file query-v9.cif (mmCIF, C-alpha atoms and all ligand atoms)
data_upload
#
loop_
_atom_site.label_atom_id
_atom_site.label_comp_id
_atom_site.auth_asym_id
_atom_site.auth_seq_id
_atom_site.Cartn_x
_atom_site.Cartn_y
_atom_site.Cartn_z
CA MET R 1 77.13 124.47 26.65
CA ALA R 2 75.43 121.24 25.64
CA ASP R 3 76.92 118.95 22.99
CA ALA R 4 75.14 118.25 19.69
CA LYS R 5 73.51 115.03 20.89
CA ALA R 6 72.37 116.63 24.11
CA ASP R 7 70.98 119.64 22.29
CA THR R 8 68.11 117.52 21.09
CA MET R 9 67.21 116.41 24.62
CA ARG R 10 63.85 117.80 25.66
CA VAL R 11 63.76 118.42 29.40
CA GLY R 12 60.66 118.40 31.60
CA PHE R 13 60.65 120.16 34.95
CA ILE R 14 58.18 119.48 37.75
CA GLY R 15 58.30 121.77 40.79
CA LEU R 16 59.07 125.47 40.41
CA GLY R 17 59.75 126.32 44.04
CA ILE R 18 62.75 128.20 45.42
CA MET R 19 65.09 125.67 43.84
CA GLY R 20 63.24 124.40 40.77
CA ARG R 21 62.43 127.78 39.27
CA SER R 22 66.11 128.73 38.95
CA MET R 23 67.29 125.26 37.95
CA ALA R 24 64.75 125.05 35.12
CA LYS R 25 65.74 128.51 33.92
CA ASN R 26 69.41 127.53 33.82
CA VAL R 27 68.64 124.37 31.83
CA HIS R 28 66.72 126.48 29.32
CA ALA R 29 69.56 129.02 29.18
CA ALA R 30 71.97 126.17 28.31
CA GLY R 31 69.94 125.53 25.17
CA PHE R 32 67.59 122.70 26.12
CA PRO R 33 63.89 123.00 25.27
CA VAL R 34 62.10 122.98 28.65
CA THR R 35 58.51 122.07 29.52
CA VAL R 36 57.35 122.83 33.06
CA TRP R 37 54.49 121.93 35.37
CA ASN R 38 53.81 123.30 38.84
CA ARG R 39 50.97 122.39 41.20
CA THR R 40 50.17 126.07 41.78
CA PRO R 41 49.72 127.19 38.16
CA SER R 42 50.56 130.87 38.77
CA ARG R 43 54.16 129.84 39.44
CA MET R 44 54.47 128.79 35.80
CA GLU R 45 53.94 132.34 34.52
CA GLU R 46 57.53 133.36 35.26
CA ALA R 47 58.82 130.26 33.42
CA ALA R 48 56.59 130.96 30.44
CA ALA R 49 58.03 134.47 30.32
CA TRP R 50 61.60 133.16 29.94
CA GLY R 51 60.57 130.69 27.26
CA ALA R 52 59.37 127.48 28.90
CA ARG R 53 56.48 125.57 27.48
CA THR R 54 53.88 124.90 30.18
CA ALA R 55 51.96 121.65 30.64
CA GLY R 56 48.69 120.73 32.31
CA SER R 57 50.02 117.79 34.34
CA PRO R 58 53.19 115.77 35.05
CA ARG R 59 51.79 113.23 32.57
CA GLU R 60 51.83 115.86 29.81
CA VAL R 61 55.39 116.83 30.75
CA ALA R 62 56.51 113.21 30.41
CA GLU R 63 54.75 112.84 27.06
CA VAL R 64 56.80 115.62 25.46
CA SER R 65 60.16 115.09 27.23
CA ASP R 66 63.21 112.85 26.93
CA VAL R 67 64.32 113.66 30.47
CA VAL R 68 61.94 114.56 33.32
CA ILE R 69 63.22 116.21 36.48
CA THR R 70 61.31 116.55 39.75
CA ILE R 71 62.29 118.89 42.58
CA VAL R 72 59.31 118.99 44.91
CA GLY R 73 59.13 118.52 48.70
CA ASP R 74 59.13 115.25 50.60
CA THR R 75 58.90 111.55 49.70
CA PRO R 76 55.06 111.46 49.40
CA ASP R 77 55.17 114.49 47.10
CA VAL R 78 57.56 112.75 44.73
CA LEU R 79 55.43 109.59 44.73
CA GLU R 80 52.35 111.70 43.98
CA VAL R 81 53.76 113.47 40.93
CA VAL R 82 55.32 110.26 39.61
CA GLU R 83 52.72 107.59 40.34
CA GLY R 84 49.57 109.55 41.20
CA PRO R 85 46.72 110.34 38.78
CA GLY R 86 48.05 112.41 35.90
CA GLY R 87 51.57 111.53 37.04
CA ILE R 88 54.81 111.01 35.14
CA PHE R 89 54.35 107.25 34.79
CA GLU R 90 51.06 107.77 32.95
CA GLY R 91 52.88 109.72 30.26
CA ALA R 92 56.13 107.76 30.29
CA ARG R 93 57.36 105.65 27.43
CA GLU R 94 60.21 103.14 27.22
CA GLY R 95 63.58 104.93 27.38
CA LEU R 96 62.40 107.98 29.33
CA ILE R 97 65.01 109.17 31.84
CA TYR R 98 63.59 110.34 35.14
CA ILE R 99 65.75 112.32 37.60
CA ASP R 100 64.53 113.14 41.09
CA MET R 101 66.47 116.08 42.54
CA SER R 102 64.33 116.49 45.69
CA THR R 103 65.74 115.36 49.04
CA ILE R 104 63.80 112.21 49.93
CA SER R 105 64.25 108.78 51.49
CA PRO R 106 67.00 106.58 49.96
CA GLU R 107 64.86 103.46 50.56
CA ALA R 108 61.79 104.95 48.85
CA THR R 109 64.06 106.04 45.99
CA ARG R 110 65.31 102.49 45.42
CA GLU R 111 61.75 101.13 45.47
CA LEU R 112 60.55 103.80 43.04
CA ALA R 113 63.48 103.13 40.68
CA ALA R 114 62.55 99.45 40.61
CA ARG R 115 58.96 100.30 39.65
CA ALA R 116 60.28 102.75 37.03
CA ALA R 117 62.49 100.02 35.55
CA GLU R 118 59.44 97.77 35.14
CA ARG R 119 58.09 100.44 32.76
CA GLY R 120 61.37 100.87 30.91
CA VAL R 121 62.02 104.22 32.65
CA ARG R 122 65.61 104.81 33.80
CA MET R 123 65.72 106.65 37.11
CA LEU R 124 68.53 108.59 38.74
CA ASP R 125 68.43 110.24 42.16
CA ALA R 126 70.32 113.53 42.07
CA PRO R 127 69.71 115.60 45.22
CA VAL R 128 71.50 118.90 45.48
CA SER R 129 73.38 121.06 47.93
CA GLY R 130 74.10 124.76 47.63
CA GLY R 131 70.75 126.34 48.45
CA ASP R 132 68.83 128.99 46.57
CA ILE R 133 72.02 130.87 45.70
CA GLY R 134 73.62 127.77 44.16
CA ALA R 135 70.41 127.12 42.23
CA ARG R 136 70.37 130.66 40.84
CA GLN R 137 74.05 130.70 39.96
CA GLY R 138 74.12 127.16 38.53
CA THR R 139 76.78 126.12 41.03
CA LEU R 140 74.95 123.35 42.92
CA SER R 141 76.69 120.22 44.14
CA ILE R 142 74.78 117.31 42.63
CA MET R 143 75.00 113.83 44.18
CA VAL R 144 73.93 111.19 41.68
CA GLY R 145 72.82 107.63 42.26
CA GLY R 146 72.06 105.23 39.41
CA ASP R 147 73.44 103.76 36.23
CA ALA R 148 76.68 105.40 34.97
CA ASP R 149 75.62 105.33 31.30
CA THR R 150 72.36 107.11 32.11
CA LEU R 151 74.30 109.73 34.04
CA ALA R 152 76.69 110.20 31.09
CA ARG R 153 73.68 110.80 28.83
CA VAL R 154 72.16 113.51 31.04
CA ARG R 155 75.37 115.04 32.38
CA PRO R 156 75.08 118.08 30.07
CA VAL R 157 71.67 118.82 31.59
CA LEU R 158 73.04 118.52 35.12
CA GLU R 159 76.03 120.70 34.17
CA ALA R 160 73.58 123.48 33.41
CA MET R 161 72.57 123.42 37.09
CA GLY R 162 75.69 122.47 38.99
CA LYS R 163 79.46 122.49 39.13
CA ASN R 164 80.29 119.51 41.34
CA ILE R 165 78.51 116.51 39.84
CA VAL R 166 79.55 113.27 41.54
CA HIS R 167 78.42 109.74 40.74
CA CYS R 168 77.95 108.23 44.21
CA GLY R 169 76.97 104.65 43.23
CA PRO R 170 73.77 102.74 42.45
CA VAL R 171 70.35 104.33 42.66
CA GLY R 172 69.66 105.72 46.15
CA SER R 173 73.34 106.55 46.73
CA GLY R 174 72.80 110.21 45.89
CA GLN R 175 70.19 110.42 48.64
CA THR R 176 72.54 108.61 51.03
CA VAL R 177 75.30 111.16 50.42
CA LYS R 178 72.78 113.99 50.78
CA ALA R 179 71.79 112.49 54.16
CA CYS R 180 75.49 112.55 55.17
CA ASN R 181 75.60 116.21 54.14
CA GLN R 182 72.58 116.98 56.34
CA ILE R 183 74.15 115.15 59.31
CA LEU R 184 77.24 117.34 58.90
CA CYS R 185 75.19 120.54 58.59
CA ALA R 186 73.15 119.76 61.73
CA VAL R 187 75.98 118.61 63.95
CA THR R 188 78.39 121.35 62.88
CA LEU R 189 75.75 123.98 63.60
CA MET R 190 75.44 122.64 67.15
CA GLY R 191 79.11 123.47 67.67
CA VAL R 192 78.60 126.93 66.18
CA VAL R 193 75.82 127.87 68.59
CA GLU R 194 77.68 126.47 71.61
CA ALA R 195 80.81 128.50 70.71
CA LEU R 196 78.70 131.65 70.31
CA ALA R 197 76.99 131.04 73.67
CA PHE R 198 80.36 130.49 75.35
CA ALA R 199 81.81 133.71 73.94
CA LYS R 200 78.73 135.69 74.90
CA ARG R 201 78.57 134.40 78.47
CA ALA R 202 82.31 135.02 78.91
CA GLY R 203 81.98 138.56 77.58
CA VAL R 204 83.94 138.27 74.31
CA ASP R 205 82.58 140.11 71.27
CA LEU R 206 80.99 137.60 68.87
CA GLU R 207 82.51 139.13 65.71
CA THR R 208 85.95 139.04 67.31
CA MET R 209 85.54 135.38 68.19
CA LEU R 210 84.41 134.62 64.61
CA GLN R 211 87.27 136.60 63.10
CA VAL R 212 89.70 134.17 64.70
CA THR R 213 87.84 130.85 64.72
CA THR R 214 86.68 130.97 61.09
CA LYS R 215 90.36 130.88 60.10
CA GLY R 216 91.34 128.14 62.57
CA ALA R 217 90.98 124.37 62.79
CA GLY R 218 87.40 124.82 64.03
CA GLY R 219 86.40 126.79 60.95
CA SER R 220 83.57 125.55 58.70
CA TRP R 221 81.03 126.76 56.16
CA ALA R 222 78.46 126.83 58.96
CA LEU R 223 80.64 128.98 61.20
CA GLU R 224 81.61 131.37 58.41
CA ASN R 225 78.08 131.81 57.05
CA LEU R 226 75.56 130.90 59.74
CA GLY R 227 77.71 131.97 62.69
CA ARG R 228 78.07 135.39 61.12
CA ARG R 229 74.35 135.67 60.42
CA ILE R 230 73.61 134.86 64.07
CA ALA R 231 76.09 137.48 65.27
CA GLN R 232 74.41 139.99 62.97
CA GLY R 233 70.92 139.09 64.24
CA ASN R 234 69.87 137.59 60.90
CA LEU R 235 67.74 134.46 61.25
CA ASP R 236 66.24 134.68 57.76
CA PRO R 237 66.08 131.38 55.87
CA GLY R 238 68.61 130.27 53.37
CA PHE R 239 67.52 126.79 54.37
CA SER R 240 64.52 126.59 56.69
CA VAL R 241 64.15 124.74 60.00
CA ARG R 242 61.10 123.02 58.48
CA PHE R 243 63.13 121.56 55.61
CA GLN R 244 66.05 120.59 57.85
CA GLN R 245 63.60 118.69 60.09
CA LYS R 246 62.32 116.82 57.03
CA ASP R 247 65.87 115.88 56.10
CA LEU R 248 66.83 114.83 59.64
CA ARG R 249 63.70 112.68 59.84
CA ILE R 250 64.86 110.93 56.66
CA VAL R 251 68.35 110.52 58.14
CA LEU R 252 67.13 109.17 61.48
CA GLN R 253 64.61 106.79 59.90
CA SER R 254 67.30 105.38 57.60
CA ALA R 255 69.71 105.09 60.53
CA GLU R 256 67.07 103.24 62.50
CA SER R 257 66.53 100.75 59.71
CA MET R 258 70.32 100.16 59.63
CA VAL R 259 70.49 99.90 63.47
CA LEU R 260 72.98 102.78 63.42
CA PRO R 261 73.13 105.09 66.45
CA LEU R 262 73.46 108.80 65.53
CA PRO R 263 73.32 110.49 68.95
CA ALA R 264 74.63 113.89 67.84
CA THR R 265 72.19 114.11 64.91
CA ALA R 266 69.29 113.10 67.16
CA LEU R 267 70.22 115.82 69.63
CA ALA R 268 70.43 118.44 66.88
CA GLN R 269 67.02 117.30 65.63
CA GLN R 270 65.49 117.74 69.10
CA MET R 271 67.12 121.16 69.51
CA LEU R 272 65.54 122.22 66.22
CA ARG R 273 62.24 120.88 67.58
CA ILE R 274 62.56 123.43 70.42
CA VAL R 275 62.97 126.17 67.79
CA GLN R 276 59.84 124.91 66.01
CA ALA R 277 57.88 124.80 69.27
CA HIS R 278 58.69 128.50 69.67
CA GLY R 279 57.40 129.42 66.22
CA GLY R 280 60.62 129.18 64.23
CA ASP R 281 59.50 126.74 61.51
CA GLU R 282 60.25 129.11 58.65
CA ASP R 283 63.40 130.64 60.14
CA GLY R 284 66.80 129.63 58.81
CA THR R 285 68.51 126.70 60.53
CA GLN R 286 70.78 129.19 62.34
CA ALA R 287 67.70 129.86 64.52
CA LEU R 288 69.09 126.88 66.46
CA ILE R 289 70.62 129.67 68.53
CA ARG R 290 67.12 130.26 69.97
CA ALA R 291 67.18 126.84 71.64
CA MET R 292 70.60 127.66 73.08
CA GLU R 293 69.29 130.99 74.38
CA LEU R 294 66.38 129.26 76.09
CA MET R 295 68.59 126.62 77.70
CA ALA R 296 71.22 129.11 78.86
CA ASP R 297 68.62 131.75 79.77
CA MET R 298 70.51 134.50 77.96
CA ASP R 299 70.27 136.66 74.83
CA ILE R 300 72.90 135.81 72.22
CA VAL R 301 71.34 137.19 69.04
CA PRO R 302 71.46 141.00 69.06
CA ARG R 303 67.89 141.84 70.07
CA ASP R 304 67.35 145.15 68.30
CA GLU R 305 68.49 143.77 64.91
CA ALA R 306 67.01 140.29 65.24
CA SER R 307 64.70 139.31 62.40
CA ARG R 308 62.41 137.63 64.95
CA GLY R 309 61.37 138.98 68.30
N1 LIG J 1 65.76 125.40 49.53
C1 LIG J 1 66.97 124.88 49.66
O1 LIG J 1 67.93 125.55 50.08
C2 LIG J 1 67.23 123.44 49.29
C3 LIG J 1 68.55 123.00 49.19
C4 LIG J 1 68.80 121.68 48.83
C5 LIG J 1 67.74 120.81 48.60
N2 LIG J 1 66.46 121.27 48.71
C6 LIG J 1 65.38 120.29 48.46
O2 LIG J 1 64.77 120.62 47.21
C7 LIG J 1 63.37 120.31 47.25
C8 LIG J 1 62.58 121.58 46.89
O3 LIG J 1 62.94 122.62 47.78
P1 LIG J 1 62.43 124.13 47.55
O4 LIG J 1 63.22 124.97 48.50
O5 LIG J 1 62.41 124.46 46.10
O6 LIG J 1 60.93 124.00 48.10
P2 LIG J 1 59.69 125.00 47.90
O7 LIG J 1 60.11 126.37 47.56
O8 LIG J 1 58.79 124.76 49.08
O9 LIG J 1 58.99 124.39 46.60
C9 LIG J 1 58.44 123.12 46.58
C10 LIG J 1 57.92 122.84 45.20
O10 LIG J 1 57.38 121.51 45.17
C11 LIG J 1 56.01 121.57 44.80
N3 LIG J 1 55.29 120.51 45.52
C12 LIG J 1 55.40 120.20 46.84
N4 LIG J 1 54.58 119.16 47.13
C13 LIG J 1 53.95 118.83 45.98
C14 LIG J 1 53.00 117.85 45.65
N5 LIG J 1 52.51 116.97 46.55
N6 LIG J 1 52.58 117.79 44.37
C15 LIG J 1 53.04 118.65 43.45
N7 LIG J 1 53.95 119.61 43.70
C16 LIG J 1 54.41 119.70 44.96
C17 LIG J 1 55.55 122.95 45.17
O11 LIG J 1 54.41 123.30 44.43
P3 LIG J 1 53.49 124.58 44.86
O12 LIG J 1 54.09 125.76 44.16
O13 LIG J 1 52.15 124.22 44.38
O14 LIG J 1 53.56 124.68 46.38
C18 LIG J 1 56.78 123.76 44.77
O15 LIG J 1 56.85 123.94 43.38
C19 LIG J 1 63.11 119.76 48.65
O16 LIG J 1 63.16 118.36 48.64
C20 LIG J 1 64.26 120.33 49.47
O17 LIG J 1 64.56 119.55 50.61
C21 LIG J 1 66.19 122.56 49.04
#
call {"tool": "encode", "arguments": {"input": "query-v9.cif", "output": "structure tokens"}}
result
Amino acid sequence: MADAKADTMRVGFIGLGIMGRSMAKNVHAAGFPVTVWNRTPSRMEEAAAWGARTAGSPREVAEVSDVVITIVGDTPDVLEVVEGPGGIFEGAREGLIYIDMSTISPEATRELAARAAERGVRMLDAPVSGGDIGARQGTLSIMVGGDADTLARVRPVLEAMGKNIVHCGPVGSGQTVKACNQILCAVTLMGVVEALAFAKRAGVDLETMLQVTTKGAGGSWALENLGRRIAQGNLDPGFSVRFQQKDLRIVLQSAESMVLPLPATALAQQMLRIVQAHGGDEDGTQALIRAMELMADMDIVPRDEASRG
């Protein structure tokens, strides 16, 4: 529960998608007055029903809030709701705290924070991990970049949304750690699909293989969760191929600017491109198995139960 000082903090929420709608609800449930705005207005009805005040623009949200949170899509989307017409900066006053929880470019984040500072707005980047389930349950991992005092001030708000809140360094560092997380997700999943293909080709039952390997040195969250979904023929999205491609583009662009080779990540990104080329944009990232099936010319996902043809 929020402390007395934090109780007075008015929180604005911009972006009520899969993630934002649950995060805003949890902040409200922790006792903070919440004002929301969403580009598609009908998505605000649910929030109004649980007690949010709705606004007509990001500018209006900023005008009535002490802390404004965005969780939208990609870098241009964040820039639009912050600096575009009717954006947060138009309604911002000195001392406003702005937290971007979307996954966007670390470089663009640092540049935006500098422009925010010119207006007296303190910006944190606080991307999340934990998916729609973590958002609903308030158990997200939150990676924060920015000034430590600003984080201390808003920590009660973040605690309403997450359990593992880590200050990663100066502004942009949260996005950098999120990029590391996405590298790990992509590259680990490559191992998962190769192990499944190997078992299948060699004639070992996939569930049996998973029963052993999930408990061994090769075990991982991806194997336990996504490996199992593949074996069960479930390619439904927890996290979509489309979003993972966005994140890997951010990773690879940043790596390029640092002259850092990331061969395994680049390969995973191209394998996911194969999945997209075969219509899997909105499938979960475990649909990477489709690319493996095409390369190995074999069925791995149980056909009759598969969520996609
Ligand atoms: N889903 C996950 O598992 C997950 C996990 C970790 C991090 N993330 C990150 O969290 C962010 C949001 O993900 P999500 O799953 O909630 O996405 P989503 O369901 O697609 O929702 C996106 C939200 O952003 C809004 N939006 C997008 N572009 C906009 C623009 N140019 N102007 C105004 N509003 C805009 C959308 O408004 P409309 O309603 O009008 O479309 C919607 O409210 C992304 O950066 C994603 O990478 C997602």
call {"tool": "closest_residue", "arguments": {"input": "query-v9.cif", "among": "R:Ile289, R:Met161, R:Leu151, R:Val204", "to": "Gly131 (chain R)", "atoms": "only C-alpha atoms"}}
result
R:Met161
call {"tool": "closest_atom_pairs", "arguments": {"input": "query-v9.cif", "of": "chain R", "to": "ligand LIG 1 (chain J)", "cutoff": "6 Å", "atoms": "all atoms listed in the file", "output": "tab-separated table"}}
result
residue	atom	partner	partner_atom	distance
R:Gly15	CA	J:LIG1	O15	3.7
R:Leu16	CA	J:LIG1	O15	4.0
R:Gly17	CA	J:LIG1	O9	3.3
R:Ile18	CA	J:LIG1	O5	3.8
R:Met19	CA	J:LIG1	O5	3.7
R:Gly20	CA	J:LIG1	O5	5.4
R:Asn38	CA	J:LIG1	O15	5.5
R:Arg39	CA	J:LIG1	O13	3.9
R:Thr40	CA	J:LIG1	O13	3.8
R:Ile71	CA	J:LIG1	C7	5.0
R:Val72	CA	J:LIG1	O10	3.2
R:Gly73	CA	J:LIG1	O16	4.0
R:Asp74	CA	J:LIG1	O16	5.5
R:Asp77	CA	J:LIG1	N5	3.7
R:Glu80	CA	J:LIG1	N5	5.9
R:Val81	CA	J:LIG1	N6	5.6
R:Ser102	CA	J:LIG1	O16	3.7
R:Thr103	CA	J:LIG1	O16	4.0
R:Val128	CA	J:LIG1	C4	5.1
R:Ser129	CA	J:LIG1	C4	4.7
R:Gly131	CA	J:LIG1	O1	3.4
R:Asp132	CA	J:LIG1	O1	5.0
R:Gly238	CA	J:LIG1	O1	5.8
R:Phe239	CA	J:LIG1	O1	4.5
R:Phe243	CA	J:LIG1	O17	5.6
call {"tool": "atom_distance", "arguments": {"input": "query-v9.cif", "atom1": "CA of Ala202 (chain R)", "atom2": "CA of Pro263 (chain R)"}}
result
28.0 Å
call {"tool": "closest_residue", "arguments": {"input": "query-v9.cif", "among": "R:Ser141, R:Met44, R:Leu158, R:Pro85", "to": "Ile69 (chain R)", "atoms": "only C-alpha atoms"}}
result
R:Leu158
call {"tool": "atom_distance", "arguments": {"input": "query-v9.cif", "atom1": "CA of Asn234 (chain R)", "atom2": "CA of Ala291 (chain R)"}}
result
15.4 Å
call {"tool": "atom_distance", "arguments": {"input": "query-v9.cif", "atom1": "CA of Pro127 (chain R)", "atom2": "CA of Ser220 (chain R)"}}
result
21.7 Å
call {"tool": "closest_residue", "arguments": {"input": "query-v9.cif", "among": "R:Asp283, R:Glu46, R:Glu111, R:Glu60", "to": "Met123 (chain R)", "atoms": "all atoms listed in the file"}}
result
R:Glu111
call {"tool": "closest_residue", "arguments": {"input": "query-v9.cif", "among": "R:Thr8, R:Thr208, R:Gln244, R:Thr54", "to": "Val275 (chain R)", "atoms": "all atoms listed in the file"}}
result
R:Gln244
call {"tool": "closest_residue", "arguments": {"input": "query-v9.cif", "among": "R:Leu96, R:Val78, R:Ala197, R:Ala222", "to": "Ala296 (chain R)", "atoms": "only C-alpha atoms"}}
result
R:Ala197
call {"tool": "closest_residue", "arguments": {"input": "query-v9.cif", "among": "R:Arg59, R:Arg93, R:Lys163, R:Lys25", "to": "Ala47 (chain R)", "atoms": "all atoms listed in the file"}}
result
R:Lys25
call {"tool": "residues_around", "arguments": {"input": "query-v9.cif", "residues": "Ala113 (chain R)", "least_positions_apart": "2", "cutoff": "9 Å", "atoms": "all atoms listed in the file", "output": "short mmCIF file (atom, residue, chain, number, x, y, z; two decimals) with C-alpha atoms, keeping the file's coordinate frame"}}
result
data_model
loop_
_atom_site.label_atom_id
_atom_site.label_comp_id
_atom_site.auth_asym_id
_atom_site.auth_seq_id
_atom_site.Cartn_x
_atom_site.Cartn_y
_atom_site.Cartn_z
CA ALA R 108 61.79 104.95 48.85
CA THR R 109 64.06 106.04 45.99
CA ARG R 110 65.31 102.49 45.42
CA GLU R 111 61.75 101.13 45.47
CA ARG R 115 58.96 100.30 39.65
CA ALA R 116 60.28 102.75 37.03
CA ALA R 117 62.49 100.02 35.55
CA GLU R 118 59.44 97.77 35.14
CA VAL R 121 62.02 104.22 32.65
CA ARG R 122 65.61 104.81 33.80
CA MET R 123 65.72 106.65 37.11
CA LEU R 124 68.53 108.59 38.74
CA ASP R 125 68.43 110.24 42.16
CA GLY R 146 72.06 105.23 39.41
CA VAL R 171 70.35 104.33 42.66
CA GLY R 172 69.66 105.72 46.15
#
call {"tool": "residues_near_point", "arguments": {"input": "query-v9.cif", "point": "(64.0, 112.0, 33.8)", "cutoff": "12 Å", "atoms": "only C-alpha atoms", "output": "JSON, numbers by chain"}}
result
{"R": [9, 10, 11, 12, 13, 14, 58, 61, 62, 63, 64, 65, 66, 67, 68, 69, 70, 71, 82, 88, 89, 91, 92, 93, 94, 95, 96, 97, 98, 99, 100, 101, 113, 116, 120, 121, 122, 123, 124, 125, 126, 146, 150, 151, 153, 154, 155, 157, 158]}
call {"tool": "decode", "arguments": {"input": "query-v9.cif", "residues": "region 45-60 of chain R", "atoms": "N, CA, C and O atoms", "output": "compact mmCIF listing (two decimals), in the first residue's frame"}}
result
# COMPACT_ATOMS: atom_id res chain seq x y z
N GLU R 45 -13.45 2.79 -21.65
CA GLU R 45 -14.70 2.49 -20.95
C GLU R 45 -14.47 1.56 -19.77
O GLU R 45 -15.02 1.75 -18.69
N GLU R 46 -13.66 0.53 -20.01
CA GLU R 46 -13.36 -0.43 -18.94
C GLU R 46 -12.71 0.28 -17.75
O GLU R 46 -13.07 0.04 -16.59
N ALA R 47 -11.76 1.19 -18.06
CA ALA R 47 -11.07 1.92 -16.98
C ALA R 47 -12.03 2.83 -16.23
O ALA R 47 -11.96 2.94 -15.00
N ALA R 48 -12.94 3.45 -16.97
CA ALA R 48 -13.92 4.32 -16.31
C ALA R 48 -14.78 3.50 -15.36
O ALA R 48 -15.14 3.95 -14.26
N ALA R 49 -15.07 2.26 -15.76
CA ALA R 49 -15.92 1.39 -14.93
C ALA R 49 -15.24 1.04 -13.61
O ALA R 49 -15.91 0.89 -12.59
N TRP R 50 -13.89 0.88 -13.60
CA TRP R 50 -13.24 0.60 -12.31
C TRP R 50 -12.82 1.86 -11.57
O TRP R 50 -12.19 1.79 -10.51
N GLY R 51 -13.13 3.03 -12.11
CA GLY R 51 -12.95 4.23 -11.30
C GLY R 51 -11.95 5.24 -11.82
O GLY R 51 -11.66 6.22 -11.14
N ALA R 52 -11.40 5.00 -13.02
CA ALA R 52 -10.46 5.98 -13.57
C ALA R 52 -11.21 7.19 -14.09
O ALA R 52 -12.34 7.08 -14.55
N ARG R 53 -10.53 8.33 -14.01
CA ARG R 53 -11.04 9.51 -14.69
C ARG R 53 -10.49 9.44 -16.12
O ARG R 53 -9.35 9.02 -16.31
N THR R 54 -11.28 9.81 -17.11
CA THR R 54 -10.78 9.75 -18.48
C THR R 54 -10.50 11.18 -18.98
O THR R 54 -11.14 12.13 -18.56
N ALA R 55 -9.50 11.26 -19.88
CA ALA R 55 -9.10 12.57 -20.40
C ALA R 55 -9.24 12.57 -21.92
O ALA R 55 -9.34 11.51 -22.55
N GLY R 56 -9.21 13.78 -22.50
CA GLY R 56 -9.40 13.91 -23.94
C GLY R 56 -8.11 13.89 -24.73
O GLY R 56 -8.13 13.82 -25.96
N SER R 57 -6.97 13.94 -24.04
CA SER R 57 -5.67 13.95 -24.73
C SER R 57 -4.57 13.69 -23.70
O SER R 57 -4.79 13.87 -22.49
N PRO R 58 -3.37 13.31 -24.16
CA PRO R 58 -2.24 13.20 -23.23
C PRO R 58 -1.97 14.54 -22.53
O PRO R 58 -1.58 14.57 -21.37
N ARG R 59 -2.19 15.64 -23.24
CA ARG R 59 -1.99 16.96 -22.61
C ARG R 59 -2.87 17.11 -21.38
O ARG R 59 -2.40 17.50 -20.31
N GLU R 60 -4.15 16.72 -21.52
CA GLU R 60 -5.07 16.82 -20.38
C GLU R 60 -4.65 15.91 -19.24
O GLU R 60 -4.80 16.26 -18.07
